[in-house]
Amino acid sequence: MLFIVKLTLGGAYAATISIGTNPTEVAFDSHLNEIFVSNYDSGSGNTVFVISDSTNAVKATVTVARGPAGLVFDPHLNEVFVANEGSGTVSVISDATNKVTGTITVGSTPVGLAFDPHLNEIFVSNFRSNTVSVISDATNRVTEIIAVGSYPHGIAFDSRLNEVFVANEGSGTISVISDAANKITTTIGVGSNPTDVAFDSHLNEVFVANYDSGWGDTVSAISDATNRVTGTIIVGRAPYGLAFDSNKREMFVANNVSGTVSVVSG
């Protein structure tokens, strides 16, 4: 049995919550104030745990398809979309019932998800297909398949320009997709093995975690106005995950090998 550790804004432990084996991703449901946690290991039954943020208790365990990893909350329909790496599908969970309401076939090894509130679509990075699937949340159908770089991983939506940024781990690039046209508008070279990407709504920049230590363990900063790299930030070893805190205007970087989190001020 593994655990989720819940922290206060000041960084202190608020609670430790027992969940299943190999928890992989977390998404917050702002409608019901719940936390969804994917459990990748099949020993957990390919499940998503639902946790109340007020009681820190597990409210439900939802069985999905094989290898659940990436999660994203859709505030338009109050649903959670789950990328099932092992089955090439995306599960749709209603937060009202905590039941799967749909299963959508996408590409091979879907890993990353981003919600587009402009068109109410979900963008899915398919790691081994080198594609991004676009899903309409109204129909739960794939409306477009976009070829991107090699091994697309992290994905983020730029709410200012209505664009999607995709980190192509195998090609060391970022694909920029217009959500209106569902086409790549530009490709940006960054560091080696970019794994994750996050949008900074304060400075209108996109941050990219470059995992490969051969590049000095860095995060690239990209201006969304020019689609150019404006800075390179040295962080801990093997940066893997990113999250932007809009309240404090800070970027948090999870460094996989050094076991640290770097905090980058905007």
# chains A, B, ... in the order shown; residues from 1 in each chain; ligands from 1

call {"tool": "residues_around", "arguments": {"residues": "Val106 of chain A", "least_positions_apart": "3", "cutoff": "10 Å", "atoms": "only C-alpha atoms", "output": "list in words"}}
result
Ala83, Asn84, Ser87, Gly88, Thr89, Val90, Thr103, Thr109, Pro110, Val124, Ser125, Asn126, Ser129, Thr131, Val132, Ser133, Val134, Ile135, Arg141, Val142 and Ile145 of chain A

call {"tool": "write_last_selection", "arguments": {"atoms": "N, CA and C atoms", "output": "tab-separated table (two decimals), in the first residue's frame"}}
result
chain	number	residue	atom	x	y	z
A	83	ALA	N	-5.98	8.85	-19.09
A	83	ALA	CA	-5.20	8.23	-20.17
A	83	ALA	C	-4.73	6.86	-19.72
A	84	ASN	N	-5.20	5.81	-20.39
A	84	ASN	CA	-4.82	4.44	-20.06
A	84	ASN	C	-3.70	3.99	-20.99
A	87	SER	N	-3.76	0.35	-22.66
A	87	SER	CA	-4.85	-0.11	-23.53
A	87	SER	C	-5.12	0.83	-24.70
A	88	GLY	N	-4.40	1.95	-24.78
A	88	GLY	CA	-4.62	2.88	-25.89
A	88	GLY	C	-5.99	3.52	-25.85
A	89	THR	N	-6.48	3.78	-24.64
A	89	THR	CA	-7.81	4.36	-24.49
A	89	THR	C	-7.78	5.51	-23.49
A	90	VAL	N	-8.89	6.28	-23.48
A	90	VAL	CA	-9.13	7.30	-22.47
A	90	VAL	C	-10.48	6.98	-21.83
A	103	THR	N	-15.53	5.16	-22.83
A	103	THR	CA	-14.14	4.75	-23.10
A	103	THR	C	-13.84	5.06	-24.55
A	109	THR	N	-0.20	4.06	-26.39
A	109	THR	CA	0.42	4.58	-25.18
A	109	THR	C	0.08	6.05	-24.93
A	110	PRO	N	-1.18	6.36	-24.68
A	110	PRO	CA	-1.54	7.74	-24.32
A	110	PRO	C	-1.01	8.08	-22.94
A	124	VAL	N	-4.79	14.69	-26.29
A	124	VAL	CA	-4.14	13.50	-25.74
A	124	VAL	C	-2.84	13.23	-26.50
A	125	SER	N	-1.73	13.17	-25.78
A	125	SER	CA	-0.46	12.82	-26.43
A	125	SER	C	-0.30	11.30	-26.43
A	126	ASN	N	-0.10	10.74	-27.61
A	126	ASN	CA	0.06	9.29	-27.80
A	126	ASN	C	1.54	8.99	-28.02
A	129	SER	N	2.61	6.48	-30.83
A	129	SER	CA	2.04	6.75	-32.15
A	129	SER	C	2.59	8.03	-32.76
A	131	THR	N	1.55	10.99	-32.14
A	131	THR	CA	0.37	11.77	-32.53
A	131	THR	C	-0.28	12.40	-31.30
A	132	VAL	N	-1.17	13.35	-31.57
A	132	VAL	CA	-2.05	13.92	-30.56
A	132	VAL	C	-3.48	13.71	-31.04
A	133	SER	N	-4.31	13.09	-30.18
A	133	SER	CA	-5.73	12.92	-30.48
A	133	SER	C	-6.52	14.07	-29.88
A	134	VAL	N	-7.51	14.57	-30.61
A	134	VAL	CA	-8.38	15.63	-30.13
A	134	VAL	C	-9.76	15.03	-29.90
A	135	ILE	N	-10.28	15.19	-28.67
A	135	ILE	CA	-11.57	14.61	-28.29
A	135	ILE	C	-12.56	15.73	-27.99
A	141	ARG	N	-15.89	11.67	-28.74
A	141	ARG	CA	-15.34	11.10	-29.97
A	141	ARG	C	-14.07	11.84	-30.38
A	142	VAL	N	-13.16	11.10	-31.00
A	142	VAL	CA	-11.95	11.71	-31.55
A	142	VAL	C	-12.32	12.46	-32.83
A	145	ILE	N	-6.71	13.72	-35.51
A	145	ILE	CA	-5.44	13.11	-35.12
A	145	ILE	C	-4.33	13.92	-35.76

call {"tool": "residues_around", "arguments": {"residues": "segment 240-248 of chain A", "least_positions_apart": "6", "cutoff": "9 Å", "atoms": "only C-alpha atoms", "output": "MDAnalysis selection string"}}
result
chainID A and resid 154 194:202 207:211 254:256 265:266

call {"tool": "write_last_selection", "arguments": {"atoms": "C-alpha atoms", "output": "mmCIF file, in the first residue's frame"}}
result
data_model
loop_
_atom_site.group_PDB
_atom_site.id
_atom_site.type_symbol
_atom_site.label_atom_id
_atom_site.label_comp_id
_atom_site.auth_asym_id
_atom_site.auth_seq_id
_atom_site.Cartn_x
_atom_site.Cartn_y
_atom_site.Cartn_z
ATOM 1 C CA GLY A 154 3.745 16.282 -21.633
ATOM 2 C CA PRO A 194 11.621 17.163 -22.812
ATOM 3 C CA THR A 195 9.070 15.349 -20.677
ATOM 4 C CA ASP A 196 6.647 17.932 -19.334
ATOM 5 C CA VAL A 197 5.326 21.378 -20.172
ATOM 6 C CA ALA A 198 3.325 23.988 -18.216
ATOM 7 C CA PHE A 199 1.789 27.374 -19.073
ATOM 8 C CA ASP A 200 2.627 30.452 -16.971
ATOM 9 C CA SER A 201 -0.462 32.672 -17.173
ATOM 10 C CA HIS A 202 1.359 35.557 -15.460
ATOM 11 C CA PHE A 207 8.108 26.127 -19.274
ATOM 12 C CA VAL A 208 9.605 22.823 -20.432
ATOM 13 C CA ALA A 209 11.330 20.192 -18.272
ATOM 14 C CA ASN A 210 14.370 18.789 -20.112
ATOM 15 C CA TYR A 211 14.948 15.420 -18.475
ATOM 16 C CA ALA A 254 10.065 17.774 -9.747
ATOM 17 C CA ASN A 255 13.628 16.508 -10.182
ATOM 18 C CA ASN A 256 13.419 12.741 -10.645
ATOM 19 C CA SER A 265 10.035 32.538 -9.368
ATOM 20 C CA GLY A 266 8.168 34.189 -12.239
#

call {"tool": "atom_distance", "arguments": {"atom1": "atom CA of Val82 of chain A", "atom2": "atom CA of Asn140 of chain A"}}
result
12.5 Å

call {"tool": "select_by_dssp", "arguments": {"residues": "segment 27-139 of chain A", "states": "strand (DSSP E or B)", "output": "count of residues only"}}
result
66

call {"tool": "closest_residue", "arguments": {"among": "A:Val148, A:Val72, A:Val257, A:Ile104", "to": "Val37 of chain A", "atoms": "only C-alpha atoms"}}
result
A:Val72

call {"tool": "atom_distance", "arguments": {"atom1": "atom CA of Glu121 of chain A", "atom2": "atom CA of Val100 of chain A"}}
result
18.1 Å

call {"tool": "closest_residue", "arguments": {"among": "A:Asp95, A:Glu79, A:Glu205, A:Glu163", "to": "Thr186 of chain A", "atoms": "only C-alpha atoms"}}
result
A:Glu163

call {"tool": "closest_residue", "arguments": {"among": "A:Ser54, A:Asn182, A:Ser258, A:Ser220", "to": "Asn162 of chain A", "atoms": "only C-alpha atoms"}}
result
A:Asn182

call {"tool": "closest_residue", "arguments": {"among": "A:Thr218, A:Ser38, A:Thr97, A:Thr16", "to": "Leu71 of chain A", "atoms": "only C-alpha atoms"}}
result
A:Ser38

call {"tool": "residues_around", "arguments": {"residues": "Asp217 of chain A", "least_positions_apart": "5", "cutoff": "7 Å", "atoms": "only C-alpha atoms", "output": "list in words"}}
result
Asn210, Tyr211, Asp212, Ile234, Val235, Gly236, Arg237, Ala238 and Pro239 of chain A

call {"tool": "decode", "arguments": {"residues": "segment 121-205 of chain A", "atoms": "C-alpha atoms", "output": "PDB file, in the first residue's frame"}}
result
ATOM      1  CA  GLU A 121     -11.826  19.621 -26.151  1.00  0.00           C
ATOM      2  CA  ILE A 122      -9.301  17.241 -24.649  1.00  0.00           C
ATOM      3  CA  PHE A 123      -5.888  16.855 -26.252  1.00  0.00           C
ATOM      4  CA  VAL A 124      -4.141  13.496 -25.740  1.00  0.00           C
ATOM      5  CA  SER A 125      -0.462  12.818 -26.431  1.00  0.00           C
ATOM      6  CA  ASN A 126       0.058   9.292 -27.797  1.00  0.00           C
ATOM      7  CA  PHE A 127       3.653   8.418 -26.922  1.00  0.00           C
ATOM      8  CA  ARG A 128       4.257   5.530 -29.313  1.00  0.00           C
ATOM      9  CA  SER A 129       2.043   6.750 -32.150  1.00  0.00           C
ATOM     10  CA  ASN A 130       3.788  10.146 -32.370  1.00  0.00           C
ATOM     11  CA  THR A 131       0.373  11.773 -32.533  1.00  0.00           C
ATOM     12  CA  VAL A 132      -2.053  13.916 -30.560  1.00  0.00           C
ATOM     13  CA  SER A 133      -5.730  12.919 -30.485  1.00  0.00           C
ATOM     14  CA  VAL A 134      -8.380  15.631 -30.126  1.00  0.00           C
ATOM     15  CA  ILE A 135     -11.570  14.613 -28.295  1.00  0.00           C
ATOM     16  CA  SER A 136     -14.837  16.549 -28.183  1.00  0.00           C
ATOM     17  CA  ASP A 137     -16.211  16.441 -24.642  1.00  0.00           C
ATOM     18  CA  ALA A 138     -19.745  16.800 -26.027  1.00  0.00           C
ATOM     19  CA  THR A 139     -19.580  13.536 -27.970  1.00  0.00           C
ATOM     20  CA  ASN A 140     -16.579  11.715 -26.445  1.00  0.00           C
ATOM     21  CA  ARG A 141     -15.340  11.100 -29.970  1.00  0.00           C
ATOM     22  CA  VAL A 142     -11.951  11.715 -31.548  1.00  0.00           C
ATOM     23  CA  THR A 143     -12.385  14.577 -34.009  1.00  0.00           C
ATOM     24  CA  GLU A 144      -8.789  14.915 -35.193  1.00  0.00           C
ATOM     25  CA  ILE A 145      -5.445  13.107 -35.116  1.00  0.00           C
ATOM     26  CA  ILE A 146      -2.394  15.374 -35.398  1.00  0.00           C
ATOM     27  CA  ALA A 147       1.090  14.084 -36.228  1.00  0.00           C
ATOM     28  CA  VAL A 148       3.724  15.658 -33.953  1.00  0.00           C
ATOM     29  CA  GLY A 149       7.343  14.912 -33.031  1.00  0.00           C
ATOM     30  CA  SER A 150       8.862  11.715 -31.707  1.00  0.00           C
ATOM     31  CA  TYR A 151       7.479  10.311 -28.435  1.00  0.00           C
ATOM     32  CA  PRO A 152       5.106  13.109 -27.383  1.00  0.00           C
ATOM     33  CA  HIS A 153       4.769  13.190 -23.613  1.00  0.00           C
ATOM     34  CA  GLY A 154       3.745  16.282 -21.633  1.00  0.00           C
ATOM     35  CA  ILE A 155       1.049  18.581 -23.002  1.00  0.00           C
ATOM     36  CA  ALA A 156      -0.367  21.946 -21.877  1.00  0.00           C
ATOM     37  CA  PHE A 157      -2.972  24.462 -23.048  1.00  0.00           C
ATOM     38  CA  ASP A 158      -2.085  28.157 -23.500  1.00  0.00           C
ATOM     39  CA  SER A 159      -5.283  29.990 -22.545  1.00  0.00           C
ATOM     40  CA  ARG A 160      -4.087  33.327 -23.922  1.00  0.00           C
ATOM     41  CA  LEU A 161      -3.522  32.274 -27.518  1.00  0.00           C
ATOM     42  CA  ASN A 162      -5.645  29.112 -27.512  1.00  0.00           C
ATOM     43  CA  GLU A 163      -2.711  26.926 -28.427  1.00  0.00           C
ATOM     44  CA  VAL A 164      -1.522  23.528 -27.267  1.00  0.00           C
ATOM     45  CA  PHE A 165       2.147  22.893 -26.482  1.00  0.00           C
ATOM     46  CA  VAL A 166       3.393  19.302 -26.793  1.00  0.00           C
ATOM     47  CA  ALA A 167       6.749  18.089 -25.451  1.00  0.00           C
ATOM     48  CA  ASN A 168       8.273  15.607 -27.912  1.00  0.00           C
ATOM     49  CA  GLU A 169      10.615  13.571 -25.744  1.00  0.00           C
ATOM     50  CA  GLY A 170      12.301  11.707 -28.577  1.00  0.00           C
ATOM     51  CA  SER A 171      13.031  14.681 -30.827  1.00  0.00           C
ATOM     52  CA  GLY A 172      13.909  17.393 -28.290  1.00  0.00           C
ATOM     53  CA  THR A 173      11.211  19.719 -29.581  1.00  0.00           C
ATOM     54  CA  ILE A 174       7.924  21.383 -28.691  1.00  0.00           C
ATOM     55  CA  SER A 175       5.049  21.224 -31.184  1.00  0.00           C
ATOM     56  CA  VAL A 176       2.693  24.221 -31.044  1.00  0.00           C
ATOM     57  CA  ILE A 177      -0.858  23.421 -32.196  1.00  0.00           C
ATOM     58  CA  SER A 178      -3.591  25.927 -33.013  1.00  0.00           C
ATOM     59  CA  ASP A 179      -6.828  24.667 -31.489  1.00  0.00           C
ATOM     60  CA  ALA A 180      -8.858  26.444 -34.178  1.00  0.00           C
ATOM     61  CA  ALA A 181      -7.134  24.674 -37.052  1.00  0.00           C
ATOM     62  CA  ASN A 182      -5.836  21.565 -35.236  1.00  0.00           C
ATOM     63  CA  LYS A 183      -2.557  22.043 -37.070  1.00  0.00           C
ATOM     64  CA  ILE A 184       1.031  22.593 -35.977  1.00  0.00           C
ATOM     65  CA  THR A 185       1.939  26.265 -36.351  1.00  0.00           C
ATOM     66  CA  THR A 186       5.571  25.935 -35.313  1.00  0.00           C
ATOM     67  CA  THR A 187       8.154  23.566 -33.840  1.00  0.00           C
ATOM     68  CA  ILE A 188      10.593  24.796 -31.186  1.00  0.00           C
ATOM     69  CA  GLY A 189      13.909  23.181 -30.304  1.00  0.00           C
ATOM     70  CA  VAL A 190      14.535  22.829 -26.566  1.00  0.00           C
ATOM     71  CA  GLY A 191      16.736  20.560 -24.416  1.00  0.00           C
ATOM     72  CA  SER A 192      17.173  16.821 -24.626  1.00  0.00           C
ATOM     73  CA  ASN A 193      14.260  14.564 -23.684  1.00  0.00           C
ATOM     74  CA  PRO A 194      11.621  17.163 -22.812  1.00  0.00           C
ATOM     75  CA  THR A 195       9.070  15.349 -20.677  1.00  0.00           C
ATOM     76  CA  ASP A 196       6.647  17.932 -19.334  1.00  0.00           C
ATOM     77  CA  VAL A 197       5.326  21.378 -20.172  1.00  0.00           C
ATOM     78  CA  ALA A 198       3.325  23.988 -18.216  1.00  0.00           C
ATOM     79  CA  PHE A 199       1.789  27.374 -19.073  1.00  0.00           C
ATOM     80  CA  ASP A 200       2.627  30.452 -16.971  1.00  0.00           C
ATOM     81  CA  SER A 201      -0.462  32.672 -17.173  1.00  0.00           C
ATOM     82  CA  HIS A 202       1.359  35.557 -15.460  1.00  0.00           C
ATOM     83  CA  LEU A 203       4.170  36.056 -17.973  1.00  0.00           C
ATOM     84  CA  ASN A 204       2.509  34.197 -20.862  1.00  0.00           C
ATOM     85  CA  GLU A 205       5.391  31.798 -21.060  1.00  0.00           C
TER      86      GLU A 205
END
